[in-house]
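K.L.:
I'd like to ask you about the structure that follows.
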Amino acid sequence: MTRDPRYDVLFEPVAIGPVTARNRFYQVPHCNGMGHTMPNSVAGMRAMKAEGGWAVVATEECDIHASTDVMPYREARLWDQGDQDRLALMTERVHEYGALAAVELVHSGHNVSNRYSRLPVMGVSDIGVNSFDPVQACAMTRRDIADVRRWHRQAAIRARDAGFDIVYVYAGHDLSLPMHFISRRHNRRTDEYGGSLENRVRLTRELLEDTKEAVGDRCGVAIRFAVDEMLGDEGIASGAEGREVVEMLAELPDLWDVNVSDWANDSVTARFGEEGDQESYVAFVKQVTSKPVVGVGRFTSADAMVSQIKRGILDMIGAARPSIADPFLPRKIEEGRIEDIRECIGCNICVSGDWTQSPIRCTQNPTMGEEWRRGWHPEIIEQRGESKKVLVVGAGPAGLEAAMSLGQRGYEVALADSGDGGGRAALESGLPGLSSYKRVSDYRLGQIAKLTNVSFFPGSEMDRETVLEFGADQVLIATGSSWRADGLGRATHAPIPGIADHAQCFTPDDIMAGQLPSADAVLVYDDDHYYMGGVIAQLLADSGKAVTLVTPGPEVSCWTQNTMEQHRIEKALLDRGVTLIAKHTLSGVASDSVSFACNTTDRALSIEAPGLVMVTLRAPMSSLYFSLAGEAQEQIDELPFGLLRIGDCMAPNTIAAAVYDGHRAAREMDNWPDPDSVPFKREQSVIDRL
Ligand code: ADP
Ligand code: SF4
């Protein structure tokens, strides 16, 4: 296949100071929950982007000195020679595939608490740190500023010596000293670094000049700057000081990487923002500078990318999430394989890796973060082993991923589903704001349709007899889960008495099937804590119901803090008049009322609830599996085929986890792991035996 000439413009080289990017695809800095603690994993992950065709591959934020220690988060570090050596692994791997390596240097000011280094926190002014830690930052003196400039310069030189081609000054996301100095909200200084915008920009200018002087002959010097903080008059705004900063520094850096702040605005989920929705904020930048401009917008459409370039909005297409969901996105466009692109769904499960201090994962790309650890490649999979015929029952995320990957391995695969296929991804995509979830099933069904060795049988309910009759060598059960209606949840350890007597008790499955309580007032009980409770409350409110949401959690949809959506969900519900009650646990249900106990005082609360929706746990739909395996799996060895259960029918989890489980099962088929060994490589600490 050849590429569509309309996309030629995306493959033009771009000069960035003394270095040249081979095309316009730019993987902007992104966190990954691995950082300096897992250098092999990071190098493997970044190298995959380079192999996939990205012209520039950047690190996550990279701390320049021990006085800027972001623990518990795992970011890159350039504190000393050891850090330089570890990061050199990434640049070597990225260079192998002809990409440029970029590093985002940062001193985080009062955004850190220095939990590891235990050094005093340095800030623009005397100010509290950004977290709730009982820690304050000390206003930097001129001497402190000189120290930071020296450390930044030393880190730039280490970066160059580690092989980086582009060195950043980071002034984005309200996370770094340059931004804190620029910000009127944080900067209360009365010296030449405070007051006028010219003064507040001084540190950023100095860092850019220092970096250019130190490494500018060999490296491109980039700035990442948030042109709008979306805080109105309180913050930097693209129509005001955001523009003025770009005007002041216009020609100083070799590249402008521009975005909006904070991170939750920059990486807005698909539920709350569209592809390309930063355009109105960053569009002015190219009118102000002659230097190349890169920007982001969860771009997955080649047409949208071309439009950004042709209309003079951007010079390079920046991507974090689209490059995570598909590291081979540029190559696929180049090779005219648009339909093979695994499009990001904008769920921010990748972001949750950083917030939970765990290695990055992705709903669409199960190999993300596993490149080094398990040796998984997103586009290459080992050919099949001794088994030939595989039956996969259930075409939800787990079954679809397993069937597709087994097909790619060369097995003869039959995929049966009692419905149309897609499982929960298809069902949930009908809920408000979740339409992009359909990409999970659409992509896999599209790939399966191209595989002549995979047959898909929708509308095929399988039972013990039909599975036995089928005559497969291997059977994978991926029959999913269903929402419980009995009240058993995380906070309640037994079914709640009286639920069966409630006149209108529904579950999310009922709502997704189009059945809504007829009552005008509906209570949603959310002991799930991810998105489902909030989404259903929103749907009910939009259909005109008076909605109360009660949760034992500290706030509505509390786990969505990890996807940076919680504040938006809470606002969306409050804007719709939904009553929110947190920290209350379900204790009893009567025919049209529900009682709760306050988590703290145990005080009882009773609420009239003619309509009730229980969003608690899901029950694995494992009856087919156990009918074959036996209740204690005692029949497994006698079956004429291998039998596995995968995804939610084993242990309900996120869609990302189901996809991962399906992928793992496909990779491990005929490569059966030793159950007594660790099934992946680990990053090991060095022991100091003095
Ligand atoms: P997961 O997230 O683990 O993939 P889902 O609940 O999304 O799970 O998908 C499970 C799929 O399995 C659904 O499409 C469902 O219709 C299908 N399914 C469940 N039981 C059977 C069965 N006995 N025969 C065929 N398909 C089934
Ligand atoms: Fe996109 Fe979700 Fe993957 Fe992140 S986890 S890259 S948001 S699909």
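Quick note on naming: the chains in the structure tokens go A, B, ... in the order shown, residues restart at 1 in each chain, and ligands are numbered from 1 in order of appearance.
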From a DSSP calculation on the backbone, collect every residue of segment 132-350 of chain A in strand (DSSP E) and output the set as JSON, numbers by chain.

P.N.:
{"A": [136, 137, 138, 139, 166, 167, 168, 169, 170, 171, 220, 221, 222, 223, 224, 225, 226, 227, 228, 255, 256, 257, 258, 259, 260, 293, 294, 295, 316, 317, 318, 319]}

K.L.:
Go through segment 274-386 of chain A residue by residue and, counting only C-alpha atoms, keep those with an atom at most 7 Å from segment 36-49 of chain A; for each kept residue give the shortest atom pair and its distance in Å to one decimal, ordered by chain and increasing number, as a Markdown table.

P.N.:
| residue | atom | partner | partner_atom | distance |
| --- | --- | --- | --- | --- |
| A:Ser323 | CA | A:Lys49 | CA | 6.9 |
| A:Pro327 | CA | A:Lys49 | CA | 4.7 |
| A:Phe328 | CA | A:Lys49 | CA | 6.7 |
| A:Met368 | CA | A:Met45 | CA | 7.0 |
| A:Gly369 | CA | A:Met45 | CA | 6.0 |
| A:Glu371 | CA | A:Gly44 | CA | 5.4 |
| A:Trp372 | CA | A:Gly44 | CA | 5.1 |
| A:Arg373 | CA | A:Ser41 | CA | 6.4 |

K.L.:
Please produce a file of those selected residues containing all heavy atoms, as a JSON list (two decimals), in the first residue's frame.

P.N.:
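Resulting contents of again.json:
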[["chain", "number", "residue", "atom", "x", "y", "z"],
["A", 323, "SER", "N", 0.14, 8.47, 20.58],
["A", 323, "SER", "CA", 1.37, 7.69, 20.38],
["A", 323, "SER", "C", 1.45, 6.52, 21.36],
["A", 323, "SER", "O", 2.22, 5.59, 21.15],
["A", 323, "SER", "CB", 2.60, 8.59, 20.55],
["A", 323, "SER", "OG", 2.86, 8.84, 21.93],
["A", 327, "PRO", "N", 1.87, 3.34, 18.81],
["A", 327, "PRO", "CA", 3.23, 3.84, 18.54],
["A", 327, "PRO", "C", 3.55, 3.85, 17.05],
["A", 327, "PRO", "O", 4.46, 4.56, 16.62],
["A", 327, "PRO", "CB", 4.13, 2.83, 19.27],
["A", 327, "PRO", "CG", 3.25, 2.19, 20.30],
["A", 327, "PRO", "CD", 1.87, 2.17, 19.69],
["A", 328, "PHE", "N", 2.82, 3.11, 16.26],
["A", 328, "PHE", "CA", 3.08, 3.03, 14.82],
["A", 328, "PHE", "C", 2.16, 3.92, 13.99],
["A", 328, "PHE", "O", 2.04, 3.74, 12.77],
["A", 328, "PHE", "CB", 3.01, 1.57, 14.34],
["A", 328, "PHE", "CG", 4.31, 0.84, 14.57],
["A", 328, "PHE", "CD1", 4.80, 0.67, 15.86],
["A", 328, "PHE", "CD2", 5.07, 0.36, 13.52],
["A", 328, "PHE", "CE1", 6.02, 0.04, 16.10],
["A", 328, "PHE", "CE2", 6.29, -0.27, 13.73],
["A", 328, "PHE", "CZ", 6.76, -0.43, 15.03],
["A", 368, "MET", "N", 1.70, -1.57, 25.62],
["A", 368, "MET", "CA", 2.32, -0.37, 26.18],
["A", 368, "MET", "C", 2.90, -0.67, 27.57],
["A", 368, "MET", "O", 2.22, -1.23, 28.42],
["A", 368, "MET", "CB", 1.25, 0.74, 26.26],
["A", 368, "MET", "CG", 1.64, 2.05, 26.86],
["A", 368, "MET", "SD", 3.18, 2.86, 26.36],
["A", 368, "MET", "CE", 3.21, 2.84, 24.60],
["A", 369, "GLY", "N", 4.16, -0.32, 27.74],
["A", 369, "GLY", "CA", 4.85, -0.57, 29.00],
["A", 369, "GLY", "C", 5.42, -1.97, 29.12],
["A", 369, "GLY", "O", 6.11, -2.29, 30.08],
["A", 371, "GLU", "N", 7.16, -3.49, 26.52],
["A", 371, "GLU", "CA", 8.11, -3.68, 25.42],
["A", 371, "GLU", "C", 9.37, -4.38, 25.92],
["A", 371, "GLU", "O", 9.85, -5.34, 25.30],
["A", 371, "GLU", "CB", 8.47, -2.32, 24.77],
["A", 371, "GLU", "CG", 7.27, -1.58, 24.19],
["A", 371, "GLU", "CD", 6.50, -0.76, 25.23],
["A", 371, "GLU", "OE1", 6.83, -0.82, 26.44],
["A", 371, "GLU", "OE2", 5.55, -0.06, 24.84],
["A", 372, "TRP", "N", 9.92, -3.92, 27.01],
["A", 372, "TRP", "CA", 11.15, -4.53, 27.55],
["A", 372, "TRP", "C", 10.79, -5.68, 28.50],
["A", 372, "TRP", "O", 11.35, -6.76, 28.42],
["A", 372, "TRP", "CB", 11.98, -3.47, 28.29],
["A", 372, "TRP", "CG", 13.17, -4.05, 29.00],
["A", 372, "TRP", "CD1", 14.38, -4.38, 28.43],
["A", 372, "TRP", "CD2", 13.26, -4.42, 30.38],
["A", 372, "TRP", "NE1", 15.21, -4.92, 29.39],
["A", 372, "TRP", "CE2", 14.56, -4.95, 30.59],
["A", 372, "TRP", "CE3", 12.38, -4.34, 31.46],
["A", 372, "TRP", "CZ2", 14.99, -5.41, 31.83],
["A", 372, "TRP", "CZ3", 12.81, -4.79, 32.71],
["A", 372, "TRP", "CH2", 14.09, -5.32, 32.88],
["A", 373, "ARG", "N", 9.80, -5.41, 29.37],
["A", 373, "ARG", "CA", 9.48, -6.34, 30.46],
["A", 373, "ARG", "C", 9.05, -7.71, 29.94],
["A", 373, "ARG", "O", 9.47, -8.74, 30.43],
["A", 373, "ARG", "CB", 8.37, -5.69, 31.29],
["A", 373, "ARG", "CG", 8.04, -6.37, 32.54],
["A", 373, "ARG", "CD", 7.15, -5.48, 33.39],
["A", 373, "ARG", "NE", 5.74, -5.69, 33.11],
["A", 373, "ARG", "CZ", 4.82, -5.77, 34.07],
["A", 373, "ARG", "NH1", 5.16, -5.63, 35.34],
["A", 373, "ARG", "NH2", 3.56, -5.94, 33.76]]

K.L.:
List as JSON lines every residue of chain A that is in contact with ligand 2, defined as an atom at most 10 Å from one of its atoms (using only C-alpha atoms and all ligand atoms), together with the nearest atom pair and the distance in Å rounded to one decimal, sorted by chain and then rising number.

P.N.:
{"residue": "A:Ser267", "atom": "CA", "partner": "ligand 2", "partner_atom_place_in_ligand_line": "7 (S)", "distance": 8.4}
{"residue": "A:Val268", "atom": "CA", "partner": "ligand 2", "partner_atom_place_in_ligand_line": "7 (S)", "distance": 9.1}
{"residue": "A:Thr269", "atom": "CA", "partner": "ligand 2", "partner_atom_place_in_ligand_line": "7 (S)", "distance": 7.0}
{"residue": "A:Ala270", "atom": "CA", "partner": "ligand 2", "partner_atom_place_in_ligand_line": "7 (S)", "distance": 8.0}
{"residue": "A:Arg298", "atom": "CA", "partner": "ligand 2", "partner_atom_place_in_ligand_line": "1 (Fe)", "distance": 8.1}
{"residue": "A:Thr300", "atom": "CA", "partner": "ligand 2", "partner_atom_place_in_ligand_line": "1 (Fe)", "distance": 10.0}
{"residue": "A:Ala319", "atom": "CA", "partner": "ligand 2", "partner_atom_place_in_ligand_line": "6 (S)", "distance": 9.7}
{"residue": "A:Ala320", "atom": "CA", "partner": "ligand 2", "partner_atom_place_in_ligand_line": "6 (S)", "distance": 7.4}
{"residue": "A:Arg321", "atom": "CA", "partner": "ligand 2", "partner_atom_place_in_ligand_line": "6 (S)", "distance": 3.8}
{"residue": "A:Pro322", "atom": "CA", "partner": "ligand 2", "partner_atom_place_in_ligand_line": "6 (S)", "distance": 5.6}
{"residue": "A:Ser323", "atom": "CA", "partner": "ligand 2", "partner_atom_place_in_ligand_line": "6 (S)", "distance": 7.0}
{"residue": "A:Ile324", "atom": "CA", "partner": "ligand 2", "partner_atom_place_in_ligand_line": "6 (S)", "distance": 4.7}
{"residue": "A:Ala325", "atom": "CA", "partner": "ligand 2", "partner_atom_place_in_ligand_line": "6 (S)", "distance": 4.3}
{"residue": "A:Asp326", "atom": "CA", "partner": "ligand 2", "partner_atom_place_in_ligand_line": "6 (S)", "distance": 7.9}
{"residue": "A:Pro327", "atom": "CA", "partner": "ligand 2", "partner_atom_place_in_ligand_line": "6 (S)", "distance": 9.9}
{"residue": "A:Arg342", "atom": "CA", "partner": "ligand 2", "partner_atom_place_in_ligand_line": "8 (S)", "distance": 8.5}
{"residue": "A:Glu343", "atom": "CA", "partner": "ligand 2", "partner_atom_place_in_ligand_line": "8 (S)", "distance": 7.0}
{"residue": "A:Cys344", "atom": "CA", "partner": "ligand 2", "partner_atom_place_in_ligand_line": "1 (Fe)", "distance": 3.7}
{"residue": "A:Ile345", "atom": "CA", "partner": "ligand 2", "partner_atom_place_in_ligand_line": "8 (S)", "distance": 4.3}
{"residue": "A:Gly346", "atom": "CA", "partner": "ligand 2", "partner_atom_place_in_ligand_line": "7 (S)", "distance": 3.7}
{"residue": "A:Cys347", "atom": "CA", "partner": "ligand 2", "partner_atom_place_in_ligand_line": "2 (Fe)", "distance": 4.0}
{"residue": "A:Asn348", "atom": "CA", "partner": "ligand 2", "partner_atom_place_in_ligand_line": "7 (S)", "distance": 3.8}
{"residue": "A:Ile349", "atom": "CA", "partner": "ligand 2", "partner_atom_place_in_ligand_line": "5 (S)", "distance": 4.1}
{"residue": "A:Cys350", "atom": "CA", "partner": "ligand 2", "partner_atom_place_in_ligand_line": "5 (S)", "distance": 4.0}
{"residue": "A:Val351", "atom": "CA", "partner": "ligand 2", "partner_atom_place_in_ligand_line": "4 (Fe)", "distance": 6.5}
{"residue": "A:Ser352", "atom": "CA", "partner": "ligand 2", "partner_atom_place_in_ligand_line": "5 (S)", "distance": 8.4}
{"residue": "A:Gly353", "atom": "CA", "partner": "ligand 2", "partner_atom_place_in_ligand_line": "5 (S)", "distance": 9.2}
{"residue": "A:Ile360", "atom": "CA", "partner": "ligand 2", "partner_atom_place_in_ligand_line": "5 (S)", "distance": 8.4}
{"residue": "A:Arg361", "atom": "CA", "partner": "ligand 2", "partner_atom_place_in_ligand_line": "5 (S)", "distance": 6.3}
{"residue": "A:Cys362", "atom": "CA", "partner": "ligand 2", "partner_atom_place_in_ligand_line": "5 (S)", "distance": 3.5}
{"residue": "A:Thr363", "atom": "CA", "partner": "ligand 2", "partner_atom_place_in_ligand_line": "5 (S)", "distance": 4.6}
{"residue": "A:Gln364", "atom": "CA", "partner": "ligand 2", "partner_atom_place_in_ligand_line": "8 (S)", "distance": 4.8}
{"residue": "A:Asn365", "atom": "CA", "partner": "ligand 2", "partner_atom_place_in_ligand_line": "3 (Fe)", "distance": 6.3}
{"residue": "A:Pro366", "atom": "CA", "partner": "ligand 2", "partner_atom_place_in_ligand_line": "3 (Fe)", "distance": 8.8}
{"residue": "A:Met368", "atom": "CA", "partner": "ligand 2", "partner_atom_place_in_ligand_line": "3 (Fe)", "distance": 8.6}
{"residue": "A:Ser436", "atom": "CA", "partner": "ligand 2", "partner_atom_place_in_ligand_line": "8 (S)", "distance": 9.2}
{"residue": "A:Tyr437", "atom": "CA", "partner": "ligand 2", "partner_atom_place_in_ligand_line": "8 (S)", "distance": 8.7}
{"residue": "A:Arg439", "atom": "CA", "partner": "ligand 2", "partner_atom_place_in_ligand_line": "8 (S)", "distance": 9.0}
{"residue": "A:Val440", "atom": "CA", "partner": "ligand 2", "partner_atom_place_in_ligand_line": "8 (S)", "distance": 8.4}
{"residue": "A:Thr563", "atom": "CA", "partner": "ligand 2", "partner_atom_place_in_ligand_line": "7 (S)", "distance": 8.8}
{"residue": "A:Ile655", "atom": "CA", "partner": "ligand 2", "partner_atom_place_in_ligand_line": "2 (Fe)", "distance": 9.8}
{"residue": "A:Ala656", "atom": "CA", "partner": "ligand 2", "partner_atom_place_in_ligand_line": "5 (S)", "distance": 7.4}

K.L.:
Return as a PyMOL selection string the residues of protein, DNA or RNA that approach ligand 1 to within 8 Å, with only C-alpha atoms and all ligand atoms taken into account.

P.N.:
chain A and resi 393-400+416-426+459-463+478-482+621+624+646-650+652-655+658-659+662

K.L.:
Tell me which of A:Asp575, A:Ala590, A:Leu391, A:Arg150 sits closest to Arg645 of chain A, counting only C-alpha atoms.

P.N.:
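Once distances to Arg645 of chain A are computed over only C-alpha atoms, the minimum belongs to A:Leu391.
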
K.L.:
In terms of the shortest atom-to-atom distance over only C-alpha atoms, which of A:Glu274, A:Asp526, A:Glu469, A:Glu61 is closest to Gly433 of chain A?

P.N.:
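Nearest candidate to Gly433 of chain A out of A:Glu274, A:Asp526, A:Glu469, A:Glu61: A:Glu274.
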
K.L.:
Name the residues in contact with segment 301-315 of chain A at a cut-off of 8 Å, using only C-alpha atoms, excluding same-chain residues fewer than 6 positions from it; report them as a ChimeraX atom specification.

P.N.:
/A:6-7,9-10,24,276,279,282-286,292-295,333

K.L.:
How would the residues just picked look written out with N, CA and C atoms as an mmCIF file, in the first residue's frame?

P.N.:
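So the final result, stored in out.cif, reads:
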data_model
loop_
_atom_site.group_PDB
_atom_site.id
_atom_site.type_symbol
_atom_site.label_atom_id
_atom_site.label_comp_id
_atom_site.auth_asym_id
_atom_site.auth_seq_id
_atom_site.Cartn_x
_atom_site.Cartn_y
_atom_site.Cartn_z
ATOM 1 N N ARG A 6 -2.361 13.214 -0.198
ATOM 2 C CA ARG A 6 -2.863 14.307 0.659
ATOM 3 C C ARG A 6 -2.062 14.409 1.953
ATOM 4 N N TYR A 7 -1.450 13.272 2.346
ATOM 5 C CA TYR A 7 -0.741 13.257 3.628
ATOM 6 C C TYR A 7 0.756 13.525 3.476
ATOM 7 N N VAL A 9 2.397 16.141 3.161
ATOM 8 C CA VAL A 9 2.886 17.267 3.952
ATOM 9 C C VAL A 9 3.331 16.823 5.355
ATOM 10 N N LEU A 10 2.729 15.740 5.847
ATOM 11 C CA LEU A 10 3.071 15.256 7.197
ATOM 12 C C LEU A 10 4.465 14.645 7.241
ATOM 13 N N ARG A 24 6.841 15.365 10.547
ATOM 14 C CA ARG A 24 6.154 16.301 11.441
ATOM 15 C C ARG A 24 5.506 15.616 12.651
ATOM 16 N N GLY A 276 -8.508 17.936 18.896
ATOM 17 C CA GLY A 276 -8.132 19.253 18.358
ATOM 18 C C GLY A 276 -8.698 20.440 19.114
ATOM 19 N N GLU A 279 -7.022 24.173 19.667
ATOM 20 C CA GLU A 279 -6.683 25.045 18.531
ATOM 21 C C GLU A 279 -6.937 26.527 18.816
ATOM 22 N N VAL A 282 -4.021 27.990 20.932
ATOM 23 C CA VAL A 282 -2.619 28.025 20.483
ATOM 24 C C VAL A 282 -2.455 28.618 19.074
ATOM 25 N N ALA A 283 -3.584 28.887 18.412
ATOM 26 C CA ALA A 283 -3.502 29.274 16.994
ATOM 27 C C ALA A 283 -2.665 30.532 16.766
ATOM 28 N N PHE A 284 -2.603 31.416 17.765
ATOM 29 C CA PHE A 284 -1.879 32.683 17.558
ATOM 30 C C PHE A 284 -0.360 32.497 17.492
ATOM 31 N N VAL A 285 0.146 31.394 18.052
ATOM 32 C CA VAL A 285 1.596 31.283 18.272
ATOM 33 C C VAL A 285 2.370 31.386 16.960
ATOM 34 N N LYS A 286 1.863 30.741 15.942
ATOM 35 C CA LYS A 286 2.596 30.761 14.668
ATOM 36 C C LYS A 286 2.608 32.155 14.023
ATOM 37 N N PRO A 292 9.489 26.702 14.530
ATOM 38 C CA PRO A 292 8.455 25.668 14.416
ATOM 39 C C PRO A 292 7.618 25.551 15.691
ATOM 40 N N VAL A 293 6.345 25.277 15.488
ATOM 41 C CA VAL A 293 5.397 25.178 16.603
ATOM 42 C C VAL A 293 4.794 23.782 16.621
ATOM 43 N N VAL A 294 4.832 23.172 17.801
ATOM 44 C CA VAL A 294 4.182 21.873 17.984
ATOM 45 C C VAL A 294 3.074 22.040 19.014
ATOM 46 N N GLY A 295 1.971 21.353 18.777
ATOM 47 C CA GLY A 295 0.853 21.410 19.721
ATOM 48 C C GLY A 295 0.137 20.082 19.731
ATOM 49 N N ILE A 333 0.179 5.778 8.639
ATOM 50 C CA ILE A 333 -0.253 6.819 7.689
ATOM 51 C C ILE A 333 0.664 6.790 6.468
#

K.L.:
List as a list in words the protein and nucleic acid residues near Asp126 of chain A, meaning an atom at most 6 Å away when only C-alpha atoms are counted, but skip any in the same chain fewer than 5 places from it.

P.N.:
Ala137, Cys138 and Ala139 of chain A

K.L.:
For a quick check of understanding, using only C-alpha atoms, which of A:Glu334, A:Asp85, A:Glu339, A:Glu382 has the smallest distance to Arg667 of chain A?

P.N.:
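That would be A:Glu382, the residue with the smallest distance to Arg667 of chain A.
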
K.L.:
At a cut-off of 6 Å, using only C-alpha atoms, what residues contact segment 173-180 of chain A? Leave out same-chain residues fewer than 5 positions from it and give the result as a VMD selection string.

P.N.:
chain A and resid 107 to 109 111 186 204 261 to 263

K.L.:
Taking only segment 282-516 of chain A into account, list the residues labelled helix (DSSP H, G or I) by DSSP (computed from the backbone), as number ranges by chain.

P.N.:
A: 282, 285-288, 302-310, 321-325, 329-334, 338-340, 349-355, 397-409, 423-428, 435-450, 464-470, 499-501, 508-512

K.L.:
With only C-alpha atoms as the atoms that count, which of A:Ala619, A:Val550, A:Leu100, A:Ala513 lies nearest to Ala485 of chain A?

P.N.:
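Among the listed residues, the smallest separation from Ala485 of chain A belongs to A:Ala619.
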
K.L.:
Select, from A:Leu78, A:Val578, A:Leu434, A:Ile499, the residue with the minimum atom-to-atom distance to Gly273 of chain A, counting only C-alpha atoms.

P.N.:
A:Leu434

K.L.:
Please identify all polymer residues within 8 Å of Val613 of chain A, counting only C-alpha atoms, omitting same-chain residues fewer than 4 positions from it, and present them as a list in words.

P.N.:
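So, after excluding close chain neighbours, the residues are Cys505, Phe506, Thr507, Pro508, Val522, Leu523, Val524 and Tyr525 of chain A.
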